[in-house]
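Have a look at query_25.cif below; it lists mmCIF, C-alpha atoms.
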data_coords
loop_
_atom_site.label_atom_id
_atom_site.label_comp_id
_atom_site.auth_asym_id
_atom_site.auth_seq_id
_atom_site.Cartn_x
_atom_site.Cartn_y
_atom_site.Cartn_z
CA MET A 1 0.00 0.00 0.00
CA SER A 2 3.00 2.28 0.51
CA LYS A 3 3.36 2.55 -3.28
CA VAL A 4 -0.11 4.10 -3.64
CA ALA A 5 -0.77 7.74 -2.76
CA LYS A 6 -3.12 8.34 0.16
CA ARG A 7 -5.60 10.24 -2.01
CA ASP A 8 -5.67 7.35 -4.48
CA LEU A 9 -6.35 4.92 -1.64
CA ASP A 10 -9.12 7.17 -0.33
CA ASP A 11 -10.64 7.38 -3.81
CA ILE A 12 -10.55 3.58 -4.16
CA ARG A 13 -12.24 3.20 -0.77
CA PHE A 14 -14.92 5.74 -1.75
CA ALA A 15 -15.71 3.96 -5.02
CA GLN A 16 -15.85 0.58 -3.30
CA GLU A 17 -18.18 1.94 -0.66
CA GLN A 18 -20.63 2.99 -3.38
CA VAL A 19 -20.43 -0.40 -5.12
CA ARG A 20 -20.75 -2.25 -1.81
CA ASN A 21 -23.76 -0.19 -0.71
CA PHE A 22 -25.70 -0.77 -3.92
CA ALA A 23 -24.77 -4.47 -4.08
CA THR A 24 -26.01 -4.85 -0.50
CA ILE A 25 -29.32 -3.24 -1.42
CA GLN A 26 -29.61 -5.58 -4.39
CA LYS A 27 -28.86 -8.63 -2.24
CA ASP A 28 -31.49 -7.56 0.27
CA SER A 29 -34.05 -7.71 -2.54
CA LEU A 30 -33.41 -11.45 -2.94
CA HIS A 31 -35.44 -13.60 -0.60
CA ASP A 32 -35.70 -17.30 0.12
CA VAL A 33 -39.29 -18.45 -0.27
CA GLU A 34 -41.36 -21.29 1.11
CA VAL A 35 -45.08 -21.65 0.48
CA GLU A 36 -47.78 -24.31 0.88
CA THR A 37 -49.10 -24.36 -2.68
CA MET A 38 -51.90 -26.82 -1.84
CA PRO A 39 -52.80 -28.62 1.41
CA GLY A 40 -49.80 -30.66 2.48
CA VAL A 41 -47.49 -29.61 -0.42
CA VAL A 42 -44.66 -27.20 0.40
CA LEU A 43 -42.41 -25.70 -2.29
CA GLY A 44 -39.53 -23.32 -1.81
CA HIS A 45 -36.23 -21.99 -3.03
CA LYS A 46 -32.97 -20.99 -1.38
CA ASN A 47 -30.48 -18.42 -2.65
CA ILE A 48 -26.99 -19.89 -2.24
CA PRO A 49 -23.75 -18.07 -3.15
CA VAL A 50 -21.28 -19.69 -5.54
CA ASN A 51 -18.45 -21.23 -3.51
CA SER A 52 -15.48 -19.83 -5.44
CA VAL A 53 -15.02 -17.14 -8.08
CA GLY A 54 -12.14 -15.97 -10.24
CA CYS A 55 -12.14 -12.22 -10.94
CA TYR A 56 -10.17 -11.00 -13.96
CA VAL A 57 -9.05 -7.36 -13.89
CA PRO A 58 -7.75 -6.07 -17.25
CA GLY A 59 -4.50 -4.18 -17.20
CA GLY A 60 -2.96 -4.28 -20.63
CA LYS A 61 -3.79 -0.96 -22.29
CA TYR A 62 -5.19 0.70 -19.15
CA PRO A 63 -4.98 -0.49 -15.53
CA MET A 64 -8.70 -1.11 -14.98
CA ILE A 65 -8.74 -0.55 -11.22
CA ALA A 66 -12.51 -0.13 -11.23
CA SER A 67 -12.99 -3.70 -12.47
CA ALA A 68 -11.68 -4.91 -9.13
CA HIS A 69 -14.49 -3.03 -7.38
CA MET A 70 -17.13 -4.41 -9.72
CA SER A 71 -16.14 -8.07 -9.43
CA VAL A 72 -14.41 -8.59 -6.09
CA VAL A 73 -16.60 -6.30 -3.97
CA THR A 74 -19.81 -7.61 -5.51
CA ALA A 75 -18.77 -11.25 -5.04
CA LYS A 76 -17.90 -10.50 -1.41
CA VAL A 77 -21.31 -8.95 -0.76
CA ALA A 78 -22.95 -11.99 -2.36
CA GLY A 79 -21.24 -14.22 0.20
CA VAL A 80 -18.74 -16.03 -2.05
CA LYS A 81 -16.41 -17.99 0.26
CA ARG A 82 -13.25 -17.87 -1.90
CA ILE A 83 -12.39 -15.03 -4.27
CA VAL A 84 -9.34 -15.23 -6.51
CA ALA A 85 -8.38 -11.99 -8.26
CA THR A 86 -5.83 -11.56 -11.01
CA ALA A 87 -4.44 -8.78 -13.19
CA PRO A 88 -1.52 -8.56 -15.63
CA PRO A 89 1.79 -7.10 -14.42
CA GLN A 90 2.63 -3.51 -15.29
CA ASN A 91 6.28 -2.97 -16.23
CA GLY A 92 7.12 -6.39 -14.86
CA ALA A 93 5.54 -5.90 -11.45
CA PRO A 94 2.09 -5.94 -9.80
CA HIS A 95 0.17 -2.71 -10.35
CA PRO A 96 0.04 -1.23 -6.83
CA ALA A 97 -3.40 0.44 -7.14
CA ILE A 98 -5.01 -2.70 -8.62
CA VAL A 99 -3.58 -4.84 -5.82
CA ALA A 100 -4.84 -2.32 -3.27
CA ALA A 101 -8.31 -2.40 -4.80
CA MET A 102 -8.36 -6.21 -4.80
CA HIS A 103 -7.25 -6.29 -1.17
CA PHE A 104 -9.77 -3.67 -0.01
CA GLY A 105 -12.49 -5.46 -1.98
CA GLY A 106 -11.95 -8.69 -0.09
CA ALA A 107 -9.94 -10.95 -2.43
CA ASP A 108 -8.64 -14.07 -0.69
CA GLU A 109 -5.94 -14.78 -3.28
CA ILE A 110 -4.25 -12.25 -5.58
CA LEU A 111 -2.37 -13.35 -8.71
CA VAL A 112 -0.14 -11.31 -11.00
CA LEU A 113 -1.17 -12.95 -14.24
CA GLY A 114 -2.95 -11.74 -17.36
CA GLY A 115 -4.59 -12.89 -20.56
CA ILE A 116 -5.76 -16.39 -21.37
CA GLN A 117 -3.18 -17.82 -18.96
CA ALA A 118 -4.94 -16.09 -16.09
CA VAL A 119 -8.48 -17.26 -16.83
CA ALA A 120 -7.28 -20.78 -17.68
CA SER A 121 -5.30 -21.01 -14.43
CA MET A 122 -8.32 -20.00 -12.37
CA ALA A 123 -10.76 -22.24 -14.23
CA LEU A 124 -8.59 -25.35 -14.61
CA GLY A 125 -6.32 -24.96 -11.60
CA THR A 126 -2.53 -25.21 -11.29
CA GLN A 127 -0.10 -26.63 -8.75
CA SER A 128 -0.54 -23.47 -6.68
CA VAL A 129 -4.07 -22.32 -7.59
CA ALA A 130 -7.17 -24.41 -6.87
CA PRO A 131 -9.81 -24.20 -9.62
CA VAL A 132 -12.79 -21.89 -9.17
CA ASP A 133 -16.46 -22.44 -9.97
CA MET A 134 -17.05 -19.21 -11.89
CA LEU A 135 -15.14 -16.61 -13.91
CA VAL A 136 -16.11 -12.93 -14.05
CA GLY A 137 -14.69 -9.69 -15.37
CA PRO A 138 -14.07 -8.01 -18.72
CA GLY A 139 -11.02 -8.46 -20.92
CA ASN A 140 -9.73 -8.27 -24.47
CA MET A 141 -10.89 -10.51 -27.32
CA TYR A 142 -8.55 -13.31 -26.24
CA VAL A 143 -9.82 -13.29 -22.67
CA ALA A 144 -13.41 -13.27 -23.96
CA GLU A 145 -12.71 -16.26 -26.23
CA ALA A 146 -11.01 -18.14 -23.39
CA LYS A 147 -14.06 -17.57 -21.19
CA ARG A 148 -16.31 -18.78 -24.01
CA GLN A 149 -14.35 -22.01 -24.36
CA LEU A 150 -14.27 -22.57 -20.60
CA TYR A 151 -18.01 -21.93 -20.18
CA GLY A 152 -19.67 -25.11 -19.05
CA ARG A 153 -16.63 -26.29 -17.17
CA VAL A 154 -17.10 -23.16 -15.08
CA GLY A 155 -19.80 -20.53 -15.00
CA ILE A 156 -19.18 -17.07 -16.40
CA ASP A 157 -20.81 -13.69 -15.96
CA LEU A 158 -21.33 -12.84 -19.66
CA PHE A 159 -19.52 -12.53 -22.98
CA ALA A 160 -18.17 -8.99 -23.08
CA GLY A 161 -17.15 -7.40 -26.38
CA PRO A 162 -15.84 -3.90 -27.12
CA THR A 163 -17.42 -1.05 -25.18
CA GLU A 164 -20.54 0.48 -26.79
CA THR A 165 -22.01 3.91 -26.16
CA LEU A 166 -25.32 5.33 -27.37
CA ILE A 167 -26.27 8.96 -26.81
CA ILE A 168 -29.97 9.80 -27.13
CA ALA A 169 -30.38 13.56 -27.29
CA ASP A 170 -32.66 16.37 -28.46
CA ASP A 171 -32.23 20.14 -28.69
CA THR A 172 -32.22 20.54 -24.89
CA VAL A 173 -28.53 19.59 -24.78
CA ASP A 174 -25.49 21.05 -26.53
CA ALA A 175 -22.97 19.53 -28.93
CA GLU A 176 -20.05 19.86 -26.51
CA LEU A 177 -21.60 17.45 -24.00
CA CYS A 178 -22.65 15.00 -26.73
CA ALA A 179 -19.15 14.96 -28.22
CA ILE A 180 -17.51 14.54 -24.81
CA ASP A 181 -19.74 11.58 -23.98
CA LEU A 182 -19.13 9.94 -27.37
CA LEU A 183 -15.35 10.28 -27.27
CA GLY A 184 -15.13 9.48 -23.57
CA GLN A 185 -16.00 5.89 -24.43
CA ALA A 186 -14.45 5.73 -27.90
CA GLU A 187 -11.05 5.91 -26.19
CA HIS A 188 -11.59 2.38 -24.83
CA GLY A 189 -10.36 0.89 -28.08
CA PRO A 190 -10.38 1.15 -31.86
CA THR A 191 -13.44 -1.10 -32.22
CA SER A 192 -15.68 0.64 -29.66
CA PRO A 193 -18.79 2.05 -31.37
CA SER A 194 -20.20 5.43 -30.30
CA ILE A 195 -23.51 6.55 -31.78
CA LEU A 196 -25.70 9.62 -31.41
CA LEU A 197 -29.47 9.36 -31.92
CA THR A 198 -31.15 12.74 -32.15
CA THR A 199 -34.27 14.48 -33.39
CA SER A 200 -32.31 17.69 -34.02
CA GLU A 201 -30.43 18.10 -37.29
CA THR A 202 -28.76 21.19 -35.84
CA LEU A 203 -27.42 19.17 -32.91
CA ALA A 204 -26.38 16.35 -35.23
CA ARG A 205 -24.24 18.60 -37.42
CA ALA A 206 -22.85 20.54 -34.47
CA THR A 207 -21.86 17.33 -32.67
CA ILE A 208 -19.97 16.02 -35.70
CA ALA A 209 -18.04 19.30 -35.87
CA GLU A 210 -17.42 19.30 -32.11
CA VAL A 211 -16.09 15.74 -32.20
CA GLU A 212 -13.55 16.82 -34.82
CA ARG A 213 -12.50 19.78 -32.67
CA GLN A 214 -12.12 17.68 -29.53
CA LEU A 215 -10.06 15.08 -31.38
CA THR A 216 -7.39 17.75 -31.88
CA VAL A 217 -6.89 18.12 -28.12
CA LEU A 218 -7.91 14.79 -26.53
CA PRO A 219 -4.81 12.98 -25.15
CA THR A 220 -6.26 9.60 -26.26
CA ALA A 221 -7.27 10.95 -29.68
CA GLU A 222 -5.29 8.37 -31.63
CA ILE A 223 -7.44 5.52 -30.35
CA ALA A 224 -10.67 7.55 -30.22
CA ARG A 225 -10.15 8.78 -33.80
CA GLU A 226 -9.88 5.26 -35.18
CA SER A 227 -12.96 4.19 -33.23
CA TRP A 228 -14.99 7.22 -34.34
CA ASP A 229 -13.95 6.97 -37.99
CA ASN A 230 -14.77 3.26 -38.27
CA TYR A 231 -17.61 2.76 -35.80
CA GLY A 232 -19.03 6.19 -34.98
CA ALA A 233 -22.39 7.35 -36.33
CA VAL A 234 -24.99 10.07 -36.02
CA ILE A 235 -28.57 8.99 -36.74
CA LEU A 236 -31.29 11.57 -37.27
CA CYS A 237 -34.76 10.43 -36.14
CA ALA A 238 -38.21 11.91 -36.68
CA ASP A 239 -39.35 11.76 -33.05
CA GLU A 240 -38.86 10.10 -29.66
CA ALA A 241 -40.69 6.96 -30.79
CA GLU A 242 -38.23 6.42 -33.63
CA MET A 243 -35.28 7.03 -31.31
CA LEU A 244 -36.71 4.44 -28.93
CA ALA A 245 -37.15 1.90 -31.73
CA GLU A 246 -33.61 2.44 -33.00
CA ALA A 247 -32.16 2.26 -29.49
CA ASP A 248 -33.90 -1.04 -28.75
CA LYS A 249 -32.68 -2.42 -32.08
CA LEU A 250 -29.08 -1.46 -31.30
CA ALA A 251 -29.32 -2.79 -27.70
CA PHE A 252 -26.09 -1.02 -26.72
CA GLU A 253 -24.12 -1.51 -23.52
CA HIS A 254 -24.33 2.11 -22.34
CA VAL A 255 -27.24 4.44 -23.08
CA GLN A 256 -26.93 8.12 -22.15
CA VAL A 257 -30.30 9.90 -22.37
CA MET A 258 -30.30 13.70 -22.56
CA THR A 259 -33.80 14.73 -23.64
CA ARG A 260 -36.75 16.74 -22.32
CA ASP A 261 -38.28 13.57 -20.91
CA PRO A 262 -35.60 10.96 -20.17
CA GLU A 263 -38.11 8.97 -18.11
CA TYR A 264 -39.85 8.04 -21.38
CA PHE A 265 -36.85 5.88 -22.29
CA LEU A 266 -36.51 4.43 -18.80
CA GLU A 267 -40.16 3.38 -18.87
CA ASN A 268 -40.21 2.05 -22.43
CA MET A 269 -36.76 0.88 -23.49
CA THR A 270 -36.16 -2.84 -23.03
CA ASN A 271 -32.76 -3.64 -24.56
CA TYR A 272 -29.64 -2.10 -23.00
CA GLY A 273 -26.87 -2.70 -20.48
CA ALA A 274 -27.08 0.38 -18.25
CA MET A 275 -28.92 3.67 -18.66
CA PHE A 276 -27.75 7.14 -17.62
CA LEU A 277 -30.57 9.65 -17.33
CA GLY A 278 -30.06 13.37 -17.83
CA PRO A 279 -26.97 15.49 -18.48
CA ARG A 280 -25.85 15.47 -14.84
CA THR A 281 -24.79 11.82 -15.01
CA ASN A 282 -22.69 9.99 -17.60
CA VAL A 283 -21.16 6.63 -18.48
CA SER A 284 -17.87 7.46 -16.78
CA TYR A 285 -19.67 7.76 -13.42
CA GLY A 286 -21.05 4.26 -13.88
CA ASP A 287 -17.72 2.90 -15.06
CA LYS A 288 -15.74 4.14 -12.10
CA VAL A 289 -17.56 5.23 -8.99
CA ILE A 290 -21.32 5.73 -8.72
CA GLY A 291 -22.11 2.21 -7.50
CA THR A 292 -23.81 0.34 -10.34
CA ASN A 293 -21.77 -2.41 -11.98
CA HIS A 294 -19.81 -1.67 -15.15
CA THR A 295 -19.54 -5.25 -16.44
CA LEU A 296 -22.39 -5.09 -18.95
CA PRO A 297 -23.79 -6.93 -21.98
CA THR A 298 -22.50 -5.97 -25.43
CA LYS A 299 -23.14 -7.12 -29.01
CA ARG A 300 -26.92 -6.90 -28.48
CA ALA A 301 -26.83 -9.32 -25.52
CA GLY A 302 -28.94 -6.78 -23.63
CA ARG A 303 -31.89 -8.38 -25.44
CA TYR A 304 -31.67 -11.37 -23.10
CA THR A 305 -29.44 -10.53 -20.12
CA GLY A 306 -28.49 -7.75 -17.77
CA GLY A 307 -24.99 -7.06 -16.49
CA LEU A 308 -22.97 -8.35 -13.59
CA TRP A 309 -24.67 -7.84 -10.23
CA VAL A 310 -24.78 -9.50 -6.85
CA GLY A 311 -27.42 -11.95 -8.11
CA LYS A 312 -24.99 -13.39 -10.70
CA PHE A 313 -22.98 -14.86 -7.83
CA ILE A 314 -26.05 -16.42 -6.22
CA LYS A 315 -27.72 -19.66 -7.35
CA THR A 316 -31.44 -20.17 -6.72
CA HIS A 317 -32.13 -23.79 -5.77
CA THR A 318 -35.61 -25.23 -5.34
CA TYR A 319 -36.87 -27.88 -2.93
CA GLN A 320 -40.16 -29.58 -2.11
CA ARG A 321 -41.70 -31.20 0.91
CA ILE A 322 -44.97 -33.18 1.23
CA LEU A 323 -46.49 -33.15 4.71
CA THR A 324 -49.47 -35.53 4.51
CA ASP A 325 -50.33 -38.96 3.11
CA GLU A 326 -53.34 -37.48 1.34
CA ALA A 327 -51.25 -34.90 -0.51
CA SER A 328 -48.69 -37.48 -1.65
CA ALA A 329 -51.42 -39.81 -2.95
CA LEU A 330 -53.25 -37.00 -4.75
CA VAL A 331 -50.13 -35.68 -6.50
CA GLY A 332 -49.11 -39.28 -7.22
CA GLU A 333 -52.31 -40.06 -9.13
CA TYR A 334 -51.83 -37.07 -11.43
CA CYS A 335 -48.13 -37.78 -11.78
CA SER A 336 -48.68 -41.44 -12.69
CA ARG A 337 -51.10 -40.64 -15.48
CA LEU A 338 -48.90 -37.85 -16.86
CA CYS A 339 -45.84 -40.13 -16.83
CA MET A 340 -47.72 -42.85 -18.74
CA LEU A 341 -48.88 -40.23 -21.24
CA GLU A 342 -45.19 -39.81 -22.09
CA GLY A 343 -44.39 -43.53 -21.90
CA PHE A 344 -42.21 -43.29 -18.78
CA ALA A 345 -43.24 -46.43 -16.88
CA GLY A 346 -40.44 -46.15 -14.32
CA HIS A 347 -41.40 -42.58 -13.54
CA ALA A 348 -45.01 -43.68 -13.18
CA GLU A 349 -44.04 -46.41 -10.75
CA GLN A 350 -42.35 -43.85 -8.49
CA ALA A 351 -45.75 -42.18 -8.23
CA ASN A 352 -47.70 -45.45 -8.03
CA ALA A 353 -45.63 -46.64 -5.06
CA ARG A 354 -46.67 -43.55 -3.11
CA VAL A 355 -50.31 -43.95 -4.09
CA ARG A 356 -50.27 -47.57 -2.89
CA ARG A 357 -48.45 -46.70 0.30
CA TYR A 358 -50.19 -43.48 1.29
CA GLY A 359 -53.51 -43.57 -0.55
CA LYS A 360 -56.71 -45.57 -0.41
CA ARG A 361 -56.48 -46.97 -3.95
CA ASN A 362 -54.69 -50.09 -5.13
CA VAL A 363 -52.63 -49.04 -8.18
CA GLU A 364 -51.10 -51.86 -10.18
CA PRO A 365 -47.35 -51.52 -10.80
CA TYR A 366 -46.21 -50.65 -14.35
CA THR A 367 -49.59 -50.09 -15.97
CA ALA A 368 -49.24 -51.02 -19.63
CA VAL A 369 -49.42 -48.35 -22.33
CA GLU A 370 -50.43 -48.83 -25.92
CA PRO A 371 -47.52 -48.56 -28.41
CA GLN A 372 -47.37 -45.18 -30.18
CA GLY A 373 -47.49 -44.81 -33.97
#

Now that the file is in, can you turn its structure into structure tokens?
Amino acid sequence: MSKVAKRDLDDIRFAQEQVRNFATIQKDSLHDVEVETMPGVVLGHKNIPVNSVGCYVPGGKYPMIASAHMSVVTAKVAGVKRIVATAPPQNGAPHPAIVAAMHFGGADEILVLGGIQAVASMALGTQSVAPVDMLVGPGNMYVAEAKRQLYGRVGIDLFAGPTETLIIADDTVDAELCAIDLLGQAEHGPTSPSILLTTSETLARATIAEVERQLTVLPTAEIARESWDNYGAVILCADEAEMLAEADKLAFEHVQVMTRDPEYFLENMTNYGAMFLGPRTNVSYGDKVIGTNHTLPTKRAGRYTGGLWVGKFIKTHTYQRILTDEASALVGEYCSRLCMLEGFAGHAEQANARVRRYGKRNVEPYTAVEPQG
């Protein structure tokens, strides 16, 4: 910790406090349930944390300190018993701020290892690292492919591609803010798309010009320029409804809404990773400090999944209990007939045995079924 400035340590602690607070609120929304669905039949589920998790923190192009907050802290809040965290070395040594963030977040084991070697070591195990049950965290295309190939042997959070940013704006916001929010994410990498949807042609043209101006002064302009030239776009729409339709079709990772009525998009949009409402907030807040998780779906995966959150580390397991002879016999009669409808005689006999034992009827074992076809 002596290699990290006190202010940097304080900033890390502040960011982790926000992530921890929101993850705790999310966990509190998850409840075990148990209910008597009919007389004598009790069904329930338990929420059980994954036993061990491997958290990958990218550190090749940029030291992604915030990714330690998002994975390690969230897993800790979920109740994961063993958390392994890893990040690539920087200049041949552990990155001090990343290690500090992992330690503050609650990592049990910290590795200085990057790329596919890191995720493979955590998933498969080595002489010095026991294998984990789940892998989480963003990474480059090689890390993403390694996670894809390991999925099934271990669980994963999601398949993360290049960062995506969508700005939805009308004439209530200016071109400077739109351009800043587009380029602020384009700097992630040369394949990160940044798109503006707007109902204002004036804003559209002004934003294009402002992007060009900002690219002359932005320190990361080389990367952002390539991203903007190849993957940037400005789409002019007739009205809010068309912007909504286009936004849902794109299903981008980050959606920044700066319109007269941003709540319209919150209430009606269905496909996205995370939404940022109004000009006072922005994607960078979500990426680094505000408390929501920044590991989010890309490549239109927002159509079927949300991002990393405390619930991703928790498995929901069901159970059942039958309290009375009458309930077992009643369910057994239905079950037996339904099993025979499918031709499963052994399944049916499991039900028949309970009907014979607990019910009043004498059910013959292995009732014959007519051949199908």

### Query
What is the distance, in Å and to one decimal place, between CA of Leu330 in chain A and CA of Gly40 in chain A?
10.2 Å

#### Entry: Residues near Ala179 in chain A, cut-off 8 Å, all atoms listed in the file, skip fewer than 4 positions along chain, as a VMD selection string
chain A and resid 175 183 207 to 208 210 to 211 214

### Task
Run the PyMOL selection byres ((chain A and resi 189) around 9) against the file shown and list the residues it catches, as an MDAnalysis selection string.
chainID A and resid 61 162:163 185:188 190:192 223:224 226:227

Once 5 Å is added on each side, what centre and edge lengths in Å to one decimal does the axis-aligned box around all listed atoms of range 312-330 of chain A have, as lines of an AutoDock Vina configuration file?
center_x = -38.2
center_y = -26.6
center_z = -3.0
size_x = 40.4
size_y = 36.4
size_z = 25.4

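Every residue that the PyMOL selection byres ((chain A and resi 327) around 10) selects in this file is listed here: Met38, Pro39, Gly40, Val41, Ile322, Leu323, Thr324, Asp325, Glu326, Ser328, Ala329, Leu330, Val331, Gly332, Val355, Tyr358 and Gly359 of chain A.
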
### Answer key for the PyMOL selection byres ((chain A and resi 232) around 9), residues as JSON, numbers by chain
{"A": [182, 186, 192, 193, 194, 195, 196, 227, 228, 229, 230, 231, 233, 234]}

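Taking CA of Tyr56 in chain A and CA of Tyr272 in chain A as the two end points, the separation is 23.2 Å.
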